[in-house]
Amino acid sequence: MEKNIKELITQDCISKVKELYGIEQVIEIGGFENFILGYHKDNENYILRITHSSHRNLEQVQAEIDWINFLDNKGISVSKPIKSCNGHYVEKINLNDSYFIVTSFIKAKGNHITRNDFNDSLLENYGAIIGKMHRVTKEYQDEKKRRYRFDEEPIIVMAKEITKDDKFLTKLNDLVQYLQSLPIDKDSFGLIHNDVHIGNFFVENHDLTIFDFDDCIYTHFISDIAIALFYHIMFIKNEEERKKRAISFLKPFMNGYKKENYLAPYWLKQLPYFLKLREYILYLVINRDLDVKTSKFGEFFLDIYQQRINEDIPFVDLDFTEVCK
């Protein structure tokens, strides 16, 4: 969250938020693009999210909440939205020339895990819950399409404002055009979470509960699989180790996924392109939001990926159709 926006979250604003949900105390948790608070009420733990209108507008957040409620009704384990004291899932706090959007969720059961905590059983469950989300979402109807498509994602649209690197911008444009050319049908394209990594789910007894749907977007289902793999091996520099870890991740993950949803082998051949898109998007996010001179994450990412981007090195060089048989 930009400093000038965070400064708008005054004590008066926090008081209004607490009044909306009938609570006395909140704990600041943090957040990157939103301001996240926690609170306890009626023997339950909850999350409060404050979103500035420069990040998401009211209609986009309402669309996110509608989809989460749909998934919850279909038996997907998600951090469930709750209503305010006014009976609304989404509340608005007006500012001078903008506004905050306030939402609240039941805190997910369980805890974060590390990459080293994964075993085949947990990886199968990871793949299965994403597969189930994709399968049930084929029934989801939102005629207004209030969430944007992948090619309308703000970070992509504003790429020219973030970097003046013409070679990179050409690569990004070529990739987006290629992805735009891919087939679109209900079995391959729909609303996806778009950020299901270990930071966005808790685990209890090997069961996952997914949260933080802030980035949900209309794109091809294979993108969720690409993102899960991307964040699992992104910090590994050695090529052979990347391949080894990718294979050990994908085999049980896709076993779980295929139990819940069928995705044609054609889409596994597209996986490298969606991995590269995530690489490009993170490159843009780092250049927009971080000072690489002081950010260890930014410095480490560019140390690994600057050359890979410049030289078109695959994220991981594998035959995914063979790996995921």
# chains A, B, ... in the order shown; residues from 1 in each chain; ligands from 1

call {"tool": "residues_around", "arguments": {"residues": "Trp67 (chain A)", "least_positions_apart": "5", "cutoff": "10 Å", "atoms": "only C-alpha atoms", "output": "VMD selection string"}}
result
chain A and resid 61 to 62 72 to 73 137 140 to 142 191 to 193 213 216

call {"tool": "write_last_selection", "arguments": {"atoms": "N, CA and C atoms", "output": "CSV table (one decimal), in the first residue's frame"}}
result
chain,number,residue,atom,x,y,z
A,61,VAL,N,-14.9,-5.3,-5.9
A,61,VAL,CA,-14.8,-6.0,-4.6
A,61,VAL,C,-16.1,-6.8,-4.3
A,62,GLN,N,-17.3,-6.2,-4.7
A,62,GLN,CA,-18.5,-6.9,-4.6
A,62,GLN,C,-18.5,-8.2,-5.5
A,72,ASP,N,-18.0,-21.0,-1.4
A,72,ASP,CA,-18.4,-21.6,-0.1
A,72,ASP,C,-19.7,-22.4,-0.2
A,73,ASN,N,-20.6,-22.0,-0.9
A,73,ASN,CA,-21.9,-22.7,-1.1
A,73,ASN,C,-21.7,-24.0,-1.8
A,137,THR,N,-16.6,-23.6,-10.8
A,137,THR,CA,-16.7,-22.2,-11.3
A,137,THR,C,-17.3,-22.2,-12.8
A,140,TYR,N,-20.5,-20.9,-12.6
A,140,TYR,CA,-20.7,-19.5,-12.1
A,140,TYR,C,-21.1,-18.5,-13.1
A,141,GLN,N,-22.2,-17.8,-12.8
A,141,GLN,CA,-22.7,-16.8,-13.8
A,141,GLN,C,-22.5,-15.4,-13.2
A,142,ASP,N,-21.8,-14.6,-13.9
A,142,ASP,CA,-21.7,-13.1,-13.6
A,142,ASP,C,-21.7,-12.4,-14.9
A,191,LEU,N,-13.2,-17.5,-14.0
A,191,LEU,CA,-12.7,-16.8,-12.9
A,191,LEU,C,-11.8,-17.6,-12.0
A,192,ILE,N,-10.6,-17.2,-11.8
A,192,ILE,CA,-9.6,-18.0,-11.0
A,192,ILE,C,-9.1,-17.1,-9.8
A,193,HIS,N,-8.5,-17.8,-8.8
A,193,HIS,CA,-8.0,-17.1,-7.7
A,193,HIS,C,-6.8,-16.2,-8.1
A,213,PHE,N,-8.6,-13.4,-2.0
A,213,PHE,CA,-9.1,-13.5,-3.4
A,213,PHE,C,-9.0,-12.1,-4.1
A,216,CYS,N,-8.4,-12.1,-7.9
A,216,CYS,CA,-9.1,-13.0,-8.8
A,216,CYS,C,-9.4,-12.3,-10.1

call {"tool": "select_by_dssp", "arguments": {"residues": "region 194-322 of chain A", "states": "strand (DSSP E)", "output": "list in words"}}
result
Phe201, Phe202, Val203, Glu204, Asp207, Leu208, Thr209, Ile210, Ile217, Tyr218, Thr219 and His220 of chain A

call {"tool": "write_last_selection", "arguments": {"atoms": "N, CA, C and O atoms", "output": "PDB file, in the first residue's frame"}}
result
ATOM      1  N   PHE A 201      -3.043 -19.594   1.902  1.00  0.00           N
ATOM      2  CA  PHE A 201      -3.903 -20.630   2.479  1.00  0.00           C
ATOM      3  C   PHE A 201      -3.308 -21.092   3.801  1.00  0.00           C
ATOM      4  O   PHE A 201      -2.102 -20.991   4.034  1.00  0.00           O
ATOM      5  N   PHE A 202      -4.176 -21.563   4.671  1.00  0.00           N
ATOM      6  CA  PHE A 202      -3.779 -22.190   5.931  1.00  0.00           C
ATOM      7  C   PHE A 202      -4.041 -23.685   5.813  1.00  0.00           C
ATOM      8  O   PHE A 202      -4.894 -24.120   5.031  1.00  0.00           O
ATOM      9  N   VAL A 203      -3.328 -24.445   6.610  1.00  0.00           N
ATOM     10  CA  VAL A 203      -3.483 -25.901   6.600  1.00  0.00           C
ATOM     11  C   VAL A 203      -3.788 -26.382   8.012  1.00  0.00           C
ATOM     12  O   VAL A 203      -3.134 -25.981   8.976  1.00  0.00           O
ATOM     13  N   GLU A 204      -4.814 -27.234   8.112  1.00  0.00           N
ATOM     14  CA  GLU A 204      -5.152 -27.899   9.372  1.00  0.00           C
ATOM     15  C   GLU A 204      -5.461 -29.355   9.057  1.00  0.00           C
ATOM     16  O   GLU A 204      -6.376 -29.641   8.290  1.00  0.00           O
ATOM     17  N   ASP A 207      -5.830 -30.353   5.478  1.00  0.00           N
ATOM     18  CA  ASP A 207      -6.894 -29.684   4.719  1.00  0.00           C
ATOM     19  C   ASP A 207      -6.545 -28.207   4.533  1.00  0.00           C
ATOM     20  O   ASP A 207      -6.100 -27.542   5.478  1.00  0.00           O
ATOM     21  N   LEU A 208      -6.754 -27.703   3.325  1.00  0.00           N
ATOM     22  CA  LEU A 208      -6.432 -26.321   3.006  1.00  0.00           C
ATOM     23  C   LEU A 208      -7.672 -25.438   3.085  1.00  0.00           C
ATOM     24  O   LEU A 208      -8.764 -25.855   2.693  1.00  0.00           O
ATOM     25  N   THR A 209      -7.495 -24.230   3.592  1.00  0.00           N
ATOM     26  CA  THR A 209      -8.514 -23.188   3.510  1.00  0.00           C
ATOM     27  C   THR A 209      -7.885 -22.003   2.801  1.00  0.00           C
ATOM     28  O   THR A 209      -6.871 -21.466   3.247  1.00  0.00           O
ATOM     29  N   ILE A 210      -8.490 -21.611   1.694  1.00  0.00           N
ATOM     30  CA  ILE A 210      -7.915 -20.566   0.845  1.00  0.00           C
ATOM     31  C   ILE A 210      -8.505 -19.205   1.201  1.00  0.00           C
ATOM     32  O   ILE A 210      -9.692 -19.076   1.497  1.00  0.00           O
ATOM     33  N   ILE A 217      -9.384 -13.091 -11.158  1.00  0.00           N
ATOM     34  CA  ILE A 217      -9.354 -12.531 -12.503  1.00  0.00           C
ATOM     35  C   ILE A 217      -9.906 -13.553 -13.491  1.00  0.00           C
ATOM     36  O   ILE A 217      -9.899 -14.760 -13.211  1.00  0.00           O
ATOM     37  N   TYR A 218     -10.376 -13.085 -14.635  1.00  0.00           N
ATOM     38  CA  TYR A 218     -10.809 -13.988 -15.696  1.00  0.00           C
ATOM     39  C   TYR A 218      -9.615 -14.343 -16.584  1.00  0.00           C
ATOM     40  O   TYR A 218      -9.018 -13.461 -17.211  1.00  0.00           O
ATOM     41  N   THR A 219      -9.279 -15.613 -16.597  1.00  0.00           N
ATOM     42  CA  THR A 219      -8.207 -16.090 -17.456  1.00  0.00           C
ATOM     43  C   THR A 219      -8.331 -17.603 -17.594  1.00  0.00           C
ATOM     44  O   THR A 219      -9.295 -18.204 -17.129  1.00  0.00           O
ATOM     45  N   HIS A 220      -7.346 -18.226 -18.206  1.00  0.00           N
ATOM     46  CA  HIS A 220      -7.370 -19.672 -18.388  1.00  0.00           C
ATOM     47  C   HIS A 220      -7.034 -20.378 -17.079  1.00  0.00           C
ATOM     48  O   HIS A 220      -6.158 -19.935 -16.323  1.00  0.00           O
TER      49      HIS A 220
END

call {"tool": "residues_around", "arguments": {"residues": "region 165-181 of chain A", "least_positions_apart": "2", "cutoff": "12 Å", "atoms": "only C-alpha atoms", "output": "PyMOL selection string"}}
result
chain A and resi 149-153+155-163+183-184+189+218-220+222-223+267+270-281+283-284+287+306-312

call {"tool": "residues_around", "arguments": {"residues": "Leu122 (chain A)", "least_positions_apart": "4", "cutoff": "8 Å", "atoms": "only C-alpha atoms", "output": "number ranges by chain"}}
result
A: 118, 126, 206-207

call {"tool": "residues_around", "arguments": {"residues": "region 128-134 of chain A", "least_positions_apart": "3", "cutoff": "9 Å", "atoms": "only C-alpha atoms", "output": "count of residues only"}}
result
33

call {"tool": "closest_residue", "arguments": {"among": "A:Lys6, A:Arg56, A:Arg147, A:Arg115", "to": "Ile36 (chain A)", "atoms": "only C-alpha atoms"}}
result
A:Lys6

call {"tool": "atom_distance", "arguments": {"atom1": "CA of Tyr39 (chain A)", "atom2": "CA of Glu59 (chain A)"}}
result
25.6 Å

call {"tool": "select_by_dssp", "arguments": {"residues": "region 63-278 of chain A", "states": "alpha helix (DSSP H)", "output": "NGL selection string"}}
result
:A and (63-73 or 120-137 or 154-157 or 159-162 or 166-180 or 222-233 or 239-260 or 265-269 or 271-278)

call {"tool": "decode", "arguments": {"residues": "region 246-261 of chain A", "atoms": "all heavy atoms", "output": "PDB file, in the first residue's frame"}}
result
ATOM      1  N   ALA A 246      10.303 -29.254  -9.395  1.00  0.00           N
ATOM      2  CA  ALA A 246       9.082 -29.071 -10.183  1.00  0.00           C
ATOM      3  C   ALA A 246       8.383 -30.402 -10.406  1.00  0.00           C
ATOM      4  O   ALA A 246       7.152 -30.503 -10.276  1.00  0.00           O
ATOM      5  CB  ALA A 246       9.409 -28.406 -11.515  1.00  0.00           C
ATOM      6  N   ILE A 247       9.147 -31.433 -10.739  1.00  0.00           N
ATOM      7  CA  ILE A 247       8.570 -32.765 -10.977  1.00  0.00           C
ATOM      8  C   ILE A 247       7.964 -33.324  -9.701  1.00  0.00           C
ATOM      9  O   ILE A 247       6.841 -33.847  -9.698  1.00  0.00           O
ATOM     10  CB  ILE A 247       9.645 -33.717 -11.534  1.00  0.00           C
ATOM     11  CG1 ILE A 247      10.051 -33.276 -12.954  1.00  0.00           C
ATOM     12  CG2 ILE A 247       9.139 -35.161 -11.557  1.00  0.00           C
ATOM     13  CD1 ILE A 247      11.283 -33.965 -13.480  1.00  0.00           C
ATOM     14  N   SER A 248       8.704 -33.201  -8.584  1.00  0.00           N
ATOM     15  CA  SER A 248       8.204 -33.751  -7.320  1.00  0.00           C
ATOM     16  C   SER A 248       6.977 -32.985  -6.832  1.00  0.00           C
ATOM     17  O   SER A 248       6.159 -33.521  -6.074  1.00  0.00           O
ATOM     18  CB  SER A 248       9.304 -33.727  -6.249  1.00  0.00           C
ATOM     19  OG  SER A 248       9.667 -32.395  -5.908  1.00  0.00           O
ATOM     20  N   PHE A 249       6.824 -31.746  -7.270  1.00  0.00           N
ATOM     21  CA  PHE A 249       5.635 -30.959  -6.932  1.00  0.00           C
ATOM     22  C   PHE A 249       4.462 -31.330  -7.837  1.00  0.00           C
ATOM     23  O   PHE A 249       3.347 -31.601  -7.373  1.00  0.00           O
ATOM     24  CB  PHE A 249       5.953 -29.467  -7.080  1.00  0.00           C
ATOM     25  CG  PHE A 249       4.765 -28.558  -6.893  1.00  0.00           C
ATOM     26  CD1 PHE A 249       4.393 -28.120  -5.630  1.00  0.00           C
ATOM     27  CD2 PHE A 249       4.004 -28.128  -7.982  1.00  0.00           C
ATOM     28  CE1 PHE A 249       3.301 -27.284  -5.444  1.00  0.00           C
ATOM     29  CE2 PHE A 249       2.914 -27.299  -7.812  1.00  0.00           C
ATOM     30  CZ  PHE A 249       2.563 -26.871  -6.545  1.00  0.00           C
ATOM     31  N   LEU A 250       4.714 -31.351  -9.145  1.00  0.00           N
ATOM     32  CA  LEU A 250       3.621 -31.482 -10.105  1.00  0.00           C
ATOM     33  C   LEU A 250       2.951 -32.848 -10.102  1.00  0.00           C
ATOM     34  O   LEU A 250       1.734 -32.944 -10.282  1.00  0.00           O
ATOM     35  CB  LEU A 250       4.121 -31.171 -11.520  1.00  0.00           C
ATOM     36  CG  LEU A 250       4.235 -29.681 -11.875  1.00  0.00           C
ATOM     37  CD1 LEU A 250       4.911 -29.518 -13.223  1.00  0.00           C
ATOM     38  CD2 LEU A 250       2.854 -29.024 -11.895  1.00  0.00           C
ATOM     39  N   LYS A 251       3.712 -33.907  -9.910  1.00  0.00           N
ATOM     40  CA  LYS A 251       3.115 -35.244  -9.993  1.00  0.00           C
ATOM     41  C   LYS A 251       1.993 -35.426  -8.978  1.00  0.00           C
ATOM     42  O   LYS A 251       0.852 -35.739  -9.353  1.00  0.00           O
ATOM     43  CB  LYS A 251       4.195 -36.318  -9.860  1.00  0.00           C
ATOM     44  CG  LYS A 251       5.015 -36.505 -11.138  1.00  0.00           C
ATOM     45  CD  LYS A 251       5.957 -37.670 -11.018  1.00  0.00           C
ATOM     46  CE  LYS A 251       6.702 -37.922 -12.316  1.00  0.00           C
ATOM     47  NZ  LYS A 251       5.811 -38.356 -13.420  1.00  0.00           N
ATOM     48  N   PRO A 252       2.234 -35.239  -7.680  1.00  0.00           N
ATOM     49  CA  PRO A 252       1.107 -35.387  -6.739  1.00  0.00           C
ATOM     50  C   PRO A 252       0.086 -34.261  -6.861  1.00  0.00           C
ATOM     51  O   PRO A 252      -1.122 -34.496  -6.715  1.00  0.00           O
ATOM     52  CB  PRO A 252       1.785 -35.374  -5.363  1.00  0.00           C
ATOM     53  CG  PRO A 252       3.105 -34.722  -5.579  1.00  0.00           C
ATOM     54  CD  PRO A 252       3.516 -35.044  -6.976  1.00  0.00           C
ATOM     55  N   PHE A 253       0.541 -33.041  -7.134  1.00  0.00           N
ATOM     56  CA  PHE A 253      -0.376 -31.903  -7.286  1.00  0.00           C
ATOM     57  C   PHE A 253      -1.382 -32.176  -8.398  1.00  0.00           C
ATOM     58  O   PHE A 253      -2.601 -32.017  -8.218  1.00  0.00           O
ATOM     59  CB  PHE A 253       0.428 -30.634  -7.584  1.00  0.00           C
ATOM     60  CG  PHE A 253      -0.405 -29.397  -7.813  1.00  0.00           C
ATOM     61  CD1 PHE A 253      -0.688 -28.533  -6.762  1.00  0.00           C
ATOM     62  CD2 PHE A 253      -0.903 -29.081  -9.071  1.00  0.00           C
ATOM     63  CE1 PHE A 253      -1.463 -27.392  -6.961  1.00  0.00           C
ATOM     64  CE2 PHE A 253      -1.670 -27.954  -9.288  1.00  0.00           C
ATOM     65  CZ  PHE A 253      -1.948 -27.104  -8.230  1.00  0.00           C
ATOM     66  N   MET A 254      -0.900 -32.608  -9.564  1.00  0.00           N
ATOM     67  CA  MET A 254      -1.791 -32.870 -10.684  1.00  0.00           C
ATOM     68  C   MET A 254      -2.628 -34.129 -10.473  1.00  0.00           C
ATOM     69  O   MET A 254      -3.745 -34.221 -10.996  1.00  0.00           O
ATOM     70  CB  MET A 254      -1.002 -32.959 -11.987  1.00  0.00           C
ATOM     71  CG  MET A 254      -0.451 -31.613 -12.462  1.00  0.00           C
ATOM     72  SD  MET A 254      -1.724 -30.317 -12.630  1.00  0.00           S
ATOM     73  CE  MET A 254      -2.782 -31.006 -13.917  1.00  0.00           C
ATOM     74  N   ASN A 255      -2.116 -35.096  -9.706  1.00  0.00           N
ATOM     75  CA  ASN A 255      -2.948 -36.247  -9.342  1.00  0.00           C
ATOM     76  C   ASN A 255      -4.188 -35.776  -8.593  1.00  0.00           C
ATOM     77  O   ASN A 255      -5.307 -36.238  -8.842  1.00  0.00           O
ATOM     78  CB  ASN A 255      -2.163 -37.242  -8.488  1.00  0.00           C
ATOM     79  CG  ASN A 255      -1.183 -38.066  -9.292  1.00  0.00           C
ATOM     80  OD1 ASN A 255      -1.306 -38.178 -10.514  1.00  0.00           O
ATOM     81  ND2 ASN A 255      -0.206 -38.652  -8.618  1.00  0.00           N
ATOM     82  N   GLY A 256      -3.985 -34.843  -7.657  1.00  0.00           N
ATOM     83  CA  GLY A 256      -5.109 -34.284  -6.912  1.00  0.00           C
ATOM     84  C   GLY A 256      -6.022 -33.456  -7.799  1.00  0.00           C
ATOM     85  O   GLY A 256      -7.260 -33.564  -7.721  1.00  0.00           O
ATOM     86  N   TYR A 257      -5.420 -32.639  -8.647  1.00  0.00           N
ATOM     87  CA  TYR A 257      -6.203 -31.774  -9.536  1.00  0.00           C
ATOM     88  C   TYR A 257      -7.112 -32.605 -10.441  1.00  0.00           C
ATOM     89  O   TYR A 257      -8.306 -32.314 -10.600  1.00  0.00           O
ATOM     90  CB  TYR A 257      -5.265 -30.909 -10.383  1.00  0.00           C
ATOM     91  CG  TYR A 257      -5.989 -29.915 -11.270  1.00  0.00           C
ATOM     92  CD1 TYR A 257      -6.247 -28.628 -10.821  1.00  0.00           C
ATOM     93  CD2 TYR A 257      -6.433 -30.270 -12.540  1.00  0.00           C
ATOM     94  CE1 TYR A 257      -6.933 -27.714 -11.619  1.00  0.00           C
ATOM     95  CE2 TYR A 257      -7.120 -29.370 -13.346  1.00  0.00           C
ATOM     96  CZ  TYR A 257      -7.366 -28.091 -12.881  1.00  0.00           C
ATOM     97  OH  TYR A 257      -8.056 -27.197 -13.666  1.00  0.00           O
ATOM     98  N   LYS A 258      -6.533 -33.668 -11.038  1.00  0.00           N
ATOM     99  CA  LYS A 258      -7.286 -34.478 -12.000  1.00  0.00           C
ATOM    100  C   LYS A 258      -8.416 -35.266 -11.344  1.00  0.00           C
ATOM    101  O   LYS A 258      -9.353 -35.686 -12.033  1.00  0.00           O
ATOM    102  CB  LYS A 258      -6.324 -35.412 -12.742  1.00  0.00           C
ATOM    103  CG  LYS A 258      -5.447 -34.672 -13.749  1.00  0.00           C
ATOM    104  CD  LYS A 258      -4.558 -35.603 -14.550  1.00  0.00           C
ATOM    105  CE  LYS A 258      -3.381 -36.104 -13.775  1.00  0.00           C
ATOM    106  NZ  LYS A 258      -2.405 -36.839 -14.623  1.00  0.00           N
ATOM    107  N   LYS A 259      -8.360 -35.455 -10.036  1.00  0.00           N
ATOM    108  CA  LYS A 259      -9.471 -36.099  -9.339  1.00  0.00           C
ATOM    109  C   LYS A 259     -10.704 -35.199  -9.310  1.00  0.00           C
ATOM    110  O   LYS A 259     -11.833 -35.669  -9.152  1.00  0.00           O
ATOM    111  CB  LYS A 259      -9.059 -36.466  -7.912  1.00  0.00           C
ATOM    112  CG  LYS A 259      -8.068 -37.614  -7.827  1.00  0.00           C
ATOM    113  CD  LYS A 259      -7.661 -37.875  -6.380  1.00  0.00           C
ATOM    114  CE  LYS A 259      -6.643 -39.012  -6.290  1.00  0.00           C
ATOM    115  NZ  LYS A 259      -6.193 -39.241  -4.895  1.00  0.00           N
ATOM    116  N   GLU A 260     -10.479 -33.893  -9.440  1.00  0.00           N
ATOM    117  CA  GLU A 260     -11.572 -32.923  -9.333  1.00  0.00           C
ATOM    118  C   GLU A 260     -11.945 -32.262 -10.651  1.00  0.00           C
ATOM    119  O   GLU A 260     -13.081 -31.819 -10.825  1.00  0.00           O
ATOM    120  CB  GLU A 260     -11.199 -31.828  -8.316  1.00  0.00           C
ATOM    121  CG  GLU A 260     -11.130 -32.304  -6.882  1.00  0.00           C
ATOM    122  CD  GLU A 260     -12.505 -32.627  -6.305  1.00  0.00           C
ATOM    123  OE1 GLU A 260     -13.520 -32.266  -6.928  1.00  0.00           O
ATOM    124  OE2 GLU A 260     -12.564 -33.237  -5.227  1.00  0.00           O
ATOM    125  N   ASN A 261     -10.991 -32.165 -11.569  1.00  0.00           N
ATOM    126  CA  ASN A 261     -11.291 -31.449 -12.808  1.00  0.00           C
ATOM    127  C   ASN A 261     -10.446 -31.987 -13.955  1.00  0.00           C
ATOM    128  O   ASN A 261      -9.276 -32.331 -13.767  1.00  0.00           O
ATOM    129  CB  ASN A 261     -10.999 -29.955 -12.645  1.00  0.00           C
ATOM    130  CG  ASN A 261     -11.448 -29.135 -13.844  1.00  0.00           C
ATOM    131  OD1 ASN A 261     -12.609 -29.211 -14.262  1.00  0.00           O
ATOM    132  ND2 ASN A 261     -10.544 -28.356 -14.405  1.00  0.00           N
TER     133      ASN A 261
END
